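Trainee: Below: one structure in structure tokens.
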Amino acid sequence: MKKIKPRYLGMLFTLLLLITSCVKKESCDECFTPPPQLYFKIISAENGEDLLSNFTYTSENISLYYLDNDEKVSLRLQYFQIDGQWIISSSEMSWYAISDSGQTFYLELNANTTETIHLKIAAVFENCCTYHTVETLTINNVNAEIEPYTNYIIIRK
């Protein structure tokens, strides 16, 4: 019977060590950041006055929806009063806009006034994390006006 030389045993051990270290994957704690919630302010184009505070538009008449095969799908709206101005938001809107083409929404302020909002949210996977960015946001086919510091989307009427 032939003896295995220690030199070969050492090489075999080193080879096994290298193979197992290459097979190991780096630990990747996955993380997820949901799409951003959007906030809207409806103000006068003439003087910047909040058009919800002065009752030009009322929460009872405002609705947000999109069309799915010509069928209206309503989304919930939340209203916040911050520094004396009303802010409108929908936590659902961004979720529906995660797609290659985005989604078109309709913000009906009253029976005669509807704003068309096109939103496209991109999902980005990077360094084991998924996060979402606003890729496109237009109101009535014009790039949305964003208020500095607050990131409120301004709708001027």
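Quick note on naming: the chains in the structure tokens go A, B, ... in the order shown, residues restart at 1 in each chain, and ligands are numbered from 1 in order of appearance.
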Taking only chain A into account, list the residues labelled helix (DSSP H, G or I) by DSSP (computed from the backbone), as number ranges by chain.

Mentor: A: 6-23, 93-96

Trainee: Neighbouring residues of segment 117-132 of chain A were defined as those with any atom within 9 Å, considering only C-alpha atoms; residues of the same chain fewer than 6 positions away were excluded. Please report them as a list in words.

Mentor: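 In the requested format, the answer is Cys28, Asp29, Glu30, Cys31, Phe32, Thr33, Pro34, Pro35, Pro36, Met93, Ser94, Trp95, Tyr96, Ala97, Ile98, Ser99, Asp100, Ser101, Gly102, Gln103, Thr104, Phe105, Tyr106, Leu107, Thr138, Ile139, Asn140, Asn141 and Ala144 of chain A.
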
Trainee: Skip Glu92 of chain A itself and residues of its chain fewer than 6 positions away, then list as a list in words all residues within 10 Å of it, counting only C-alpha atoms.

Mentor: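 Selected residues are Pro35, Pro36, Gln37, Leu38, Leu75, Arg76 and Leu77 of chain A.
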
Trainee: Can I get the selected residues back with all heavy atoms, as a CSV table (one decimal), in the first residue's frame?

Mentor:
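Once everything was written out, this is out.csv:
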```
chain,number,residue,atom,x,y,z
A,35,PRO,N,-42.4,52.8,-2.7
A,35,PRO,CA,-42.5,54.0,-3.5
A,35,PRO,C,-43.0,55.2,-2.7
A,35,PRO,O,-43.7,55.1,-1.7
A,35,PRO,CB,-43.5,53.7,-4.6
A,35,PRO,CG,-44.3,52.5,-4.1
A,35,PRO,CD,-43.4,51.8,-3.1
A,36,PRO,N,-42.5,56.4,-3.1
A,36,PRO,CA,-42.9,57.6,-2.3
A,36,PRO,C,-44.4,58.0,-2.3
A,36,PRO,O,-45.0,57.8,-3.3
A,36,PRO,CB,-42.0,58.7,-3.0
A,36,PRO,CG,-41.8,58.3,-4.4
A,36,PRO,CD,-41.8,56.8,-4.3
A,37,GLN,N,-44.8,58.5,-1.2
A,37,GLN,CA,-46.2,59.0,-1.2
A,37,GLN,C,-46.2,60.4,-1.7
A,37,GLN,O,-45.3,61.2,-1.4
A,37,GLN,CB,-46.7,59.0,0.3
A,37,GLN,CG,-48.2,59.3,0.4
A,37,GLN,CD,-48.7,59.0,1.7
A,37,GLN,OE1,-48.2,58.2,2.5
A,37,GLN,NE2,-49.9,59.5,2.0
A,38,LEU,N,-47.1,60.7,-2.6
A,38,LEU,CA,-47.2,62.1,-3.2
A,38,LEU,C,-48.1,63.0,-2.4
A,38,LEU,O,-49.2,62.5,-2.0
A,38,LEU,CB,-47.6,62.0,-4.6
A,38,LEU,CG,-46.6,61.1,-5.5
A,38,LEU,CD1,-47.1,61.0,-6.9
A,38,LEU,CD2,-45.2,61.5,-5.4
A,75,LEU,N,-59.3,55.8,-5.8
A,75,LEU,CA,-58.2,55.7,-4.8
A,75,LEU,C,-58.6,56.5,-3.6
A,75,LEU,O,-59.3,57.5,-3.8
A,75,LEU,CB,-56.9,56.1,-5.4
A,75,LEU,CG,-56.3,55.2,-6.5
A,75,LEU,CD1,-56.4,55.9,-7.8
A,75,LEU,CD2,-54.9,54.9,-6.2
A,76,ARG,N,-58.1,56.1,-2.5
A,76,ARG,CA,-58.4,56.8,-1.2
A,76,ARG,C,-57.5,58.1,-1.2
A,76,ARG,O,-56.4,58.1,-1.6
A,76,ARG,CB,-58.1,56.0,0.0
A,76,ARG,CG,-59.1,54.9,0.2
A,76,ARG,CD,-58.7,54.1,1.4
A,76,ARG,NE,-57.3,53.7,1.3
A,76,ARG,CZ,-56.9,52.5,1.5
A,76,ARG,NH1,-57.6,51.6,2.0
A,76,ARG,NH2,-55.6,52.2,1.3
A,77,LEU,N,-58.1,59.1,-0.7
A,77,LEU,CA,-57.4,60.4,-0.4
A,77,LEU,C,-57.3,60.7,1.0
A,77,LEU,O,-58.2,60.4,1.8
A,77,LEU,CB,-58.1,61.5,-1.2
A,77,LEU,CG,-58.0,61.5,-2.7
A,77,LEU,CD1,-58.8,62.6,-3.3
A,77,LEU,CD2,-56.6,61.7,-3.2
```

Trainee: Mind pulling up the distance from atom CA of Asn61 of chain A to atom CA of Glu49 of chain A?

Mentor: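 Pair atom CA of Glu49 of chain A / atom CA of Asn61 of chain A returns 19.0 Å.
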
Trainee: What's around segment 152-157 of chain A at 6 Å? Count only C-alpha atoms, leave out sequence neighbours fewer than 2 positions away in its own chain, and write the answer as a ChimeraX atom specification.

Mentor: /A:39-45,145-147,150

Trainee: Write to file, as a PDB file, in the first residue's frame, the residues of the selection just made, with N, CA and C atoms.

Mentor:
```pdb
ATOM      1  N   TYR A  39     -47.778  64.256  -2.359  1.00  0.00           N
ATOM      2  CA  TYR A  39     -48.589  65.257  -1.661  1.00  0.00           C
ATOM      3  C   TYR A  39     -48.865  66.414  -2.620  1.00  0.00           C
ATOM      4  N   PHE A  40     -50.115  66.849  -2.684  1.00  0.00           N
ATOM      5  CA  PHE A  40     -50.539  67.899  -3.607  1.00  0.00           C
ATOM      6  C   PHE A  40     -51.096  69.099  -2.850  1.00  0.00           C
ATOM      7  N   LYS A  41     -50.763  70.287  -3.357  1.00  0.00           N
ATOM      8  CA  LYS A  41     -51.362  71.538  -2.885  1.00  0.00           C
ATOM      9  C   LYS A  41     -52.087  72.160  -4.063  1.00  0.00           C
ATOM     10  N   ILE A  42     -53.313  72.581  -3.843  1.00  0.00           N
ATOM     11  CA  ILE A  42     -54.083  73.239  -4.898  1.00  0.00           C
ATOM     12  C   ILE A  42     -54.181  74.709  -4.519  1.00  0.00           C
ATOM     13  N   ILE A  43     -53.535  75.545  -5.311  1.00  0.00           N
ATOM     14  CA  ILE A  43     -53.467  76.963  -4.979  1.00  0.00           C
ATOM     15  C   ILE A  43     -53.894  77.832  -6.164  1.00  0.00           C
ATOM     16  N   SER A  44     -54.203  79.065  -5.864  1.00  0.00           N
ATOM     17  CA  SER A  44     -54.594  80.041  -6.877  1.00  0.00           C
ATOM     18  C   SER A  44     -53.372  80.426  -7.713  1.00  0.00           C
ATOM     19  N   ALA A  45     -53.537  80.447  -9.028  1.00  0.00           N
ATOM     20  CA  ALA A  45     -52.453  80.874  -9.916  1.00  0.00           C
ATOM     21  C   ALA A  45     -52.197  82.369  -9.781  1.00  0.00           C
ATOM     22  N   GLU A 145     -44.849  70.949 -11.076  1.00  0.00           N
ATOM     23  CA  GLU A 145     -44.137  71.944 -10.277  1.00  0.00           C
ATOM     24  C   GLU A 145     -44.021  71.399  -8.858  1.00  0.00           C
ATOM     25  N   ILE A 146     -42.801  71.332  -8.365  1.00  0.00           N
ATOM     26  CA  ILE A 146     -42.539  70.786  -7.032  1.00  0.00           C
ATOM     27  C   ILE A 146     -42.084  71.925  -6.123  1.00  0.00           C
ATOM     28  N   GLU A 147     -42.734  72.046  -4.980  1.00  0.00           N
ATOM     29  CA  GLU A 147     -42.356  73.083  -4.017  1.00  0.00           C
ATOM     30  C   GLU A 147     -41.033  72.692  -3.348  1.00  0.00           C
ATOM     31  N   THR A 150     -40.393  71.066   0.721  1.00  0.00           N
ATOM     32  CA  THR A 150     -41.490  70.204   1.168  1.00  0.00           C
ATOM     33  C   THR A 150     -41.769  69.077   0.171  1.00  0.00           C
TER      34      THR A 150
END
```

Trainee: Rounded to one decimal in Å, what is the spacing between atom CA of Asn112 of chain A and atom CA of Ile62 of chain A?

Mentor: 11.1 Å

Trainee: For atom CA of Glu71 of chain A and atom CA of Asn110 of chain A, determine how far apart the two atoms are, in Å to one decimal place.

Mentor: 19.2 Å

Trainee: Using only C-alpha atoms for the distances, tell me which of A:Thr114, A:Thr56, A:Asn69, A:Ser63 is nearest to Ser90 of chain A.

Mentor: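 Using only C-alpha atoms, Ser90 of chain A sits closest to A:Ser63.
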